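> Just model.cif, nothing more (mmCIF, C-alpha atoms):
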```cif
data_final
#
loop_
_atom_site.group_PDB
_atom_site.id
_atom_site.type_symbol
_atom_site.label_atom_id
_atom_site.label_comp_id
_atom_site.auth_asym_id
_atom_site.auth_seq_id
_atom_site.Cartn_x
_atom_site.Cartn_y
_atom_site.Cartn_z
ATOM 1 C CA MET J 664 20.540 -82.105 233.097
ATOM 2 C CA LYS J 665 19.624 -84.660 230.396
ATOM 3 C CA LYS J 666 16.086 -84.934 231.806
ATOM 4 C CA LYS J 667 15.573 -81.145 231.558
ATOM 5 C CA LEU J 668 16.869 -81.177 227.993
ATOM 6 C CA TRP J 669 14.408 -83.934 226.988
ATOM 7 C CA VAL J 670 11.532 -82.112 228.689
ATOM 8 C CA GLY J 671 12.492 -78.938 226.803
ATOM 9 C CA VAL J 672 12.643 -80.797 223.486
ATOM 10 C CA GLY J 673 9.260 -82.346 224.236
ATOM 11 C CA VAL J 674 7.686 -78.966 224.987
ATOM 12 C CA VAL J 675 9.083 -77.492 221.786
ATOM 13 C CA ALA J 676 7.775 -80.447 219.775
ATOM 14 C CA VAL J 677 4.290 -80.141 221.296
ATOM 15 C CA LEU J 678 4.231 -76.394 220.602
ATOM 16 C CA ALA J 679 5.365 -76.941 217.009
ATOM 17 C CA VAL J 680 2.597 -79.479 216.416
ATOM 18 C CA ALA J 681 0.041 -77.117 217.971
ATOM 19 C CA VAL J 682 1.149 -74.247 215.722
ATOM 20 C CA VAL J 683 1.012 -76.399 212.592
ATOM 21 C CA LEU J 684 -2.418 -77.781 213.495
ATOM 22 C CA GLY J 685 -3.652 -74.277 214.200
ATOM 23 C CA LEU J 686 -2.356 -72.973 210.880
ATOM 24 C CA ARG J 687 -3.838 -75.959 209.052
ATOM 25 C CA SER J 688 -7.223 -75.245 210.647
ATOM 26 C CA ILE J 689 -7.285 -71.800 209.011
ATOM 27 C CA GLY J 690 -6.028 -73.180 205.714
ATOM 28 C CA MET J 691 -2.391 -72.065 205.872
ATOM 29 C CA PHE J 692 -1.068 -75.582 205.337
ATOM 30 C CA ALA J 693 -2.929 -78.224 203.415
ATOM 31 C CA THR J 694 -2.588 -81.969 203.189
ATOM 32 C CA GLN J 695 -5.259 -82.744 200.632
ATOM 33 C CA SER J 696 -5.178 -81.811 196.969
ATOM 34 C CA VAL J 697 -8.718 -80.367 197.000
ATOM 35 C CA HIS J 698 -9.810 -77.685 199.442
ATOM 36 C CA VAL J 699 -12.959 -78.841 201.230
ATOM 37 C CA ALA J 700 -15.223 -76.552 203.253
ATOM 38 C CA ASN J 701 -18.629 -77.416 204.685
ATOM 39 C CA GLY J 702 -18.027 -81.030 203.652
ATOM 40 C CA ALA J 703 -17.610 -80.364 199.938
ATOM 41 C CA ALA J 704 -15.253 -78.884 197.366
ATOM 42 C CA ILE J 705 -15.803 -75.146 196.805
ATOM 43 C CA GLY J 706 -17.840 -75.124 199.998
ATOM 44 C CA GLY J 707 -20.691 -76.879 198.194
ATOM 45 C CA TYR J 708 -20.868 -74.549 195.208
ATOM 46 C CA ASP J 709 -21.379 -75.855 191.676
ATOM 47 C CA ALA J 710 -18.070 -75.751 189.759
ATOM 48 C CA VAL J 711 -19.827 -75.936 186.388
ATOM 49 C CA ALA J 712 -22.088 -72.950 187.131
ATOM 50 C CA TYR J 713 -19.110 -70.574 187.102
ATOM 51 C CA PHE J 714 -18.813 -71.394 183.388
ATOM 52 C CA THR J 715 -22.441 -71.871 182.346
ATOM 53 C CA ASP J 716 -24.153 -69.256 184.553
ATOM 54 C CA GLN J 717 -21.138 -66.960 185.036
ATOM 55 C CA LYS J 718 -21.853 -66.811 188.766
ATOM 56 C CA PRO J 719 -21.510 -68.929 191.892
ATOM 57 C CA VAL J 720 -24.490 -71.221 192.456
ATOM 58 C CA LYS J 721 -24.982 -73.463 195.475
ATOM 59 C CA GLY J 722 -24.992 -77.147 194.671
ATOM 60 C CA SER J 723 -27.340 -79.764 196.079
ATOM 61 C CA PRO J 724 -26.496 -83.073 197.763
ATOM 62 C CA GLU J 725 -29.005 -84.581 195.344
ATOM 63 C CA PHE J 726 -26.478 -83.978 192.539
ATOM 64 C CA ALA J 727 -23.214 -85.026 194.201
ATOM 65 C CA GLU J 728 -20.127 -86.530 192.623
ATOM 66 C CA GLU J 729 -16.954 -87.901 194.210
ATOM 67 C CA TRP J 730 -13.765 -86.861 192.439
ATOM 68 C CA ASN J 731 -10.141 -86.429 193.436
ATOM 69 C CA GLY J 732 -10.830 -87.280 197.064
ATOM 70 C CA ALA J 733 -13.603 -84.731 197.525
ATOM 71 C CA ARG J 734 -17.368 -84.479 197.305
ATOM 72 C CA TRP J 735 -18.576 -82.022 194.653
ATOM 73 C CA LEU J 736 -22.137 -80.658 194.620
ATOM 74 C CA PHE J 737 -24.024 -79.411 191.589
ATOM 75 C CA ALA J 738 -27.216 -77.461 191.002
ATOM 76 C CA SER J 739 -28.514 -79.959 188.450
ATOM 77 C CA ALA J 740 -27.962 -83.420 187.035
ATOM 78 C CA GLU J 741 -26.838 -81.767 183.794
ATOM 79 C CA HIS J 742 -24.043 -79.901 185.607
ATOM 80 C CA ARG J 743 -23.022 -83.030 187.493
ATOM 81 C CA ASP J 744 -22.836 -84.961 184.237
ATOM 82 C CA LEU J 745 -20.777 -82.240 182.525
ATOM 83 C CA PHE J 746 -18.334 -82.336 185.439
ATOM 84 C CA ARG J 747 -18.268 -86.127 185.460
ATOM 85 C CA ALA J 748 -17.312 -86.148 181.757
ATOM 86 C CA ALA J 749 -14.467 -83.604 182.130
ATOM 87 C CA PRO J 750 -13.677 -82.722 185.772
ATOM 88 C CA GLU J 751 -10.323 -81.081 184.940
ATOM 89 C CA GLN J 752 -12.171 -78.634 182.685
ATOM 90 C CA TYR J 753 -14.407 -77.379 185.509
ATOM 91 C CA ALA J 754 -12.527 -77.932 188.759
ATOM 92 C CA PRO J 755 -10.823 -74.829 190.129
ATOM 93 C CA GLN J 756 -7.087 -74.499 189.678
ATOM 94 C CA PHE J 757 -4.781 -75.230 192.606
ATOM 95 C CA GLY J 758 -7.332 -77.598 194.140
ATOM 96 C CA GLY J 759 -9.686 -74.747 194.949
ATOM 97 C CA TYR J 760 -7.198 -73.127 197.329
ATOM 98 C CA CYS J 761 -6.672 -69.375 197.058
ATOM 99 C CA ALA J 762 -4.794 -68.673 193.829
ATOM 100 C CA TYR J 763 -3.073 -65.651 195.385
ATOM 101 C CA ALA J 764 -1.866 -67.723 198.343
ATOM 102 C CA VAL J 765 -0.554 -70.538 196.139
ATOM 103 C CA SER J 766 1.310 -67.963 194.046
ATOM 104 C CA HIS J 767 3.010 -66.893 197.294
ATOM 105 C CA ASN J 768 3.831 -70.513 198.214
ATOM 106 C CA TYR J 769 1.199 -71.233 200.860
ATOM 107 C CA THR J 770 -2.448 -72.314 200.894
ATOM 108 C CA ALA J 771 -5.521 -70.515 202.154
ATOM 109 C CA LYS J 772 -9.230 -71.173 202.153
ATOM 110 C CA THR J 773 -11.448 -69.468 199.597
ATOM 111 C CA ASP J 774 -14.695 -67.590 199.294
ATOM 112 C CA PRO J 775 -16.830 -69.046 196.463
ATOM 113 C CA GLU J 776 -17.919 -65.482 195.666
ATOM 114 C CA ALA J 777 -14.281 -64.433 194.999
ATOM 115 C CA TRP J 778 -13.737 -66.116 191.652
ATOM 116 C CA SER J 779 -12.401 -65.520 188.144
ATOM 117 C CA VAL J 780 -12.319 -67.502 184.942
ATOM 118 C CA VAL J 781 -9.097 -66.808 183.049
ATOM 119 C CA ASP J 782 -8.344 -68.548 179.768
ATOM 120 C CA GLY J 783 -11.089 -71.080 180.449
ATOM 121 C CA LYS J 784 -9.828 -71.965 183.948
ATOM 122 C CA LEU J 785 -11.500 -71.267 187.274
ATOM 123 C CA TYR J 786 -9.509 -69.545 190.026
ATOM 124 C CA LEU J 787 -10.725 -68.857 193.548
ATOM 125 C CA ASN J 788 -9.432 -66.362 196.092
ATOM 126 C CA TYR J 789 -9.566 -65.918 199.855
ATOM 127 C CA ASP J 790 -11.957 -62.950 199.635
ATOM 128 C CA LEU J 791 -13.006 -60.169 197.267
ATOM 129 C CA ASP J 792 -10.149 -57.851 198.332
ATOM 130 C CA THR J 793 -7.599 -60.584 197.618
ATOM 131 C CA ARG J 794 -9.294 -61.223 194.272
ATOM 132 C CA THR J 795 -8.873 -57.552 193.335
ATOM 133 C CA GLU J 796 -5.163 -57.719 194.191
ATOM 134 C CA TRP J 797 -4.783 -61.043 192.340
ATOM 135 C CA LEU J 798 -6.487 -59.698 189.207
ATOM 136 C CA ALA J 799 -4.073 -56.741 189.049
ATOM 137 C CA GLU J 800 -1.171 -59.122 188.311
ATOM 138 C CA ARG J 801 -2.995 -62.312 187.465
ATOM 139 C CA GLU J 802 -0.641 -63.490 184.717
ATOM 140 C CA GLN J 803 2.332 -63.348 187.069
ATOM 141 C CA PHE J 804 0.375 -64.863 189.948
ATOM 142 C CA ILE J 805 -0.872 -67.703 187.727
ATOM 143 C CA ALA J 806 2.679 -68.446 186.575
ATOM 144 C CA ASP J 807 3.957 -68.352 190.162
ATOM 145 C CA GLY J 808 1.091 -70.557 191.324
ATOM 146 C CA GLN J 809 1.799 -73.109 188.595
ATOM 147 C CA ARG J 810 5.429 -73.262 189.727
ATOM 148 C CA ASN J 811 4.388 -73.750 193.355
ATOM 149 C CA TRP J 812 1.542 -76.235 192.796
ATOM 150 C CA PRO J 813 1.342 -78.920 194.165
ATOM 151 C CA LYS J 814 4.565 -78.477 196.152
ATOM 152 C CA VAL J 815 2.728 -76.182 198.591
ATOM 153 C CA LEU J 816 0.860 -79.240 199.873
ATOM 154 C CA TRP J 817 2.576 -81.273 202.578
#
```
Since I need it in another form, could you write the structure as structure tokens?

Amino acid sequence: MKKKLWVGVGVVAVLAVAVVLGLRSIGMFATQSVHVANGAAIGGYDAVAYFTDQKPVKGSPEFAEEWNGARWLFASAEHRDLFRAAPEQYAPQFGGYCAYAVSHNYTAKTDPEAWSVVDGKLYLNYDLDTRTEWLAEREQFIADGQRNWPKVLW
């Protein structure tokens, strides 16, 4: 009887680990403070360009910077240097995880094309549909996200 109980506990533990790893692989649970996709923060997009060019611009490995445990890519040395001087000013809020998800107390990956700058801060969303929903109540979602961040990381 005890042996069957231990086998059952073991199976449950293995299944729980598999579920968590599966959810982490799609971005539902995060362990790092910066969301990394394609080997770089913001999936390799230039964080400064959202402010200077008002659009997402792919960065280049030629203009890389390490910050907060992640590799950040920039379209130019000028953008890299602006980021280097004030990374908190340019880095997306909530570590680049979906702002809507963080406001609902979980993490999700983001689409660099689904972005907003609100009060001088960059926010990213899972996709353009999520961004539309987030924008409809952005003040509330920002406040909720600030309450949840960084507790949503584990």
> Expand the PyMOL selection byres ((chain J and resi 790) around 12) into the explicit residue set it covers here, and present it as a PyMOL selection string.
chain J and resi 760-764+771-779+786-789+791-797
> Which residues come within 10 Å of J:Ala712, counting only C-alpha atoms, excluding same-chain residues fewer than 2 positions away, as a PDB file with C-alpha atoms, keeping the file's coordinate frame?

```
ATOM      1  CA  TYR J 708     -20.868 -74.549 195.208  1.00  0.00           C
ATOM      2  CA  ASP J 709     -21.379 -75.855 191.676  1.00  0.00           C
ATOM      3  CA  ALA J 710     -18.070 -75.751 189.759  1.00  0.00           C
ATOM      4  CA  PHE J 714     -18.813 -71.394 183.388  1.00  0.00           C
ATOM      5  CA  THR J 715     -22.441 -71.871 182.346  1.00  0.00           C
ATOM      6  CA  ASP J 716     -24.153 -69.256 184.553  1.00  0.00           C
ATOM      7  CA  GLN J 717     -21.138 -66.960 185.036  1.00  0.00           C
ATOM      8  CA  LYS J 718     -21.853 -66.811 188.766  1.00  0.00           C
ATOM      9  CA  PRO J 719     -21.510 -68.929 191.892  1.00  0.00           C
ATOM     10  CA  VAL J 720     -24.490 -71.221 192.456  1.00  0.00           C
ATOM     11  CA  LYS J 721     -24.982 -73.463 195.475  1.00  0.00           C
ATOM     12  CA  GLY J 722     -24.992 -77.147 194.671  1.00  0.00           C
ATOM     13  CA  PHE J 737     -24.024 -79.411 191.589  1.00  0.00           C
ATOM     14  CA  ALA J 738     -27.216 -77.461 191.002  1.00  0.00           C
ATOM     15  CA  SER J 739     -28.514 -79.959 188.450  1.00  0.00           C
ATOM     16  CA  HIS J 742     -24.043 -79.901 185.607  1.00  0.00           C
ATOM     17  CA  TYR J 753     -14.407 -77.379 185.509  1.00  0.00           C
TER      18      TYR J 753
END
```
> Can you turn the PyMOL selection byres ((chain J and resi 733) around 10) into a concrete residue list for this file, as a ChimeraX atom specification?
/J:695-699,702-705,728-732,734-736
> Quick one, how far is atom CA of J:Ile805 from atom CA of J:Gln756?
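Pair atom CA of J:Ile805 / atom CA of J:Gln756 returns 9.4 Å.
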> In Å, how far is it from atom CA of J:Asp744 to atom CA of J:Glu725?
12.7 Å
> One decimal, in Å: what's the spacing between atom CA of J:Glu800 and atom CA of J:Ala700?
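Spanning atom CA of J:Glu800 to atom CA of J:Ala700 is a straight-line distance of 26.9 Å.
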> Given the file shown, determine the residues that the PyMOL selection byres ((chain J and resi 751) around 12) selects; report them as a list in words.
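For this structure, the PyMOL selection byres ((chain J and resi 751) around 12) captures Ala710, Val711, Trp730, Asn731, Leu745, Phe746, Arg747, Ala748, Ala749, Pro750, Gln752, Tyr753, Ala754, Pro755, Gln756, Phe757, Gly758, Gly759, Gly783, Lys784 and Leu785 of chain J.
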> Counting all atoms listed in the file, which of J:Ala740, J:Phe726, J:Gly706, J:Trp812 gets nearest to J:Thr770?
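Closest residue, counting all atoms listed in the file: J:Trp812.
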> Anything within 6 Å of (-3.8, -64.5, 183.2): list those residues as a PyMOL selection string, counting all atoms listed in the file and sticking to the file's coordinates.
chain J and resi 781+801-802
> Could you please take those selected residues and save C-alpha atoms as a PDB file, in the coordinates of the input?

```pdb
ATOM      1  CA  VAL J 781      -9.097 -66.808 183.049  1.00  0.00           C
ATOM      2  CA  ARG J 801      -2.995 -62.312 187.465  1.00  0.00           C
ATOM      3  CA  GLU J 802      -0.641 -63.490 184.717  1.00  0.00           C
TER       4      GLU J 802
END
```
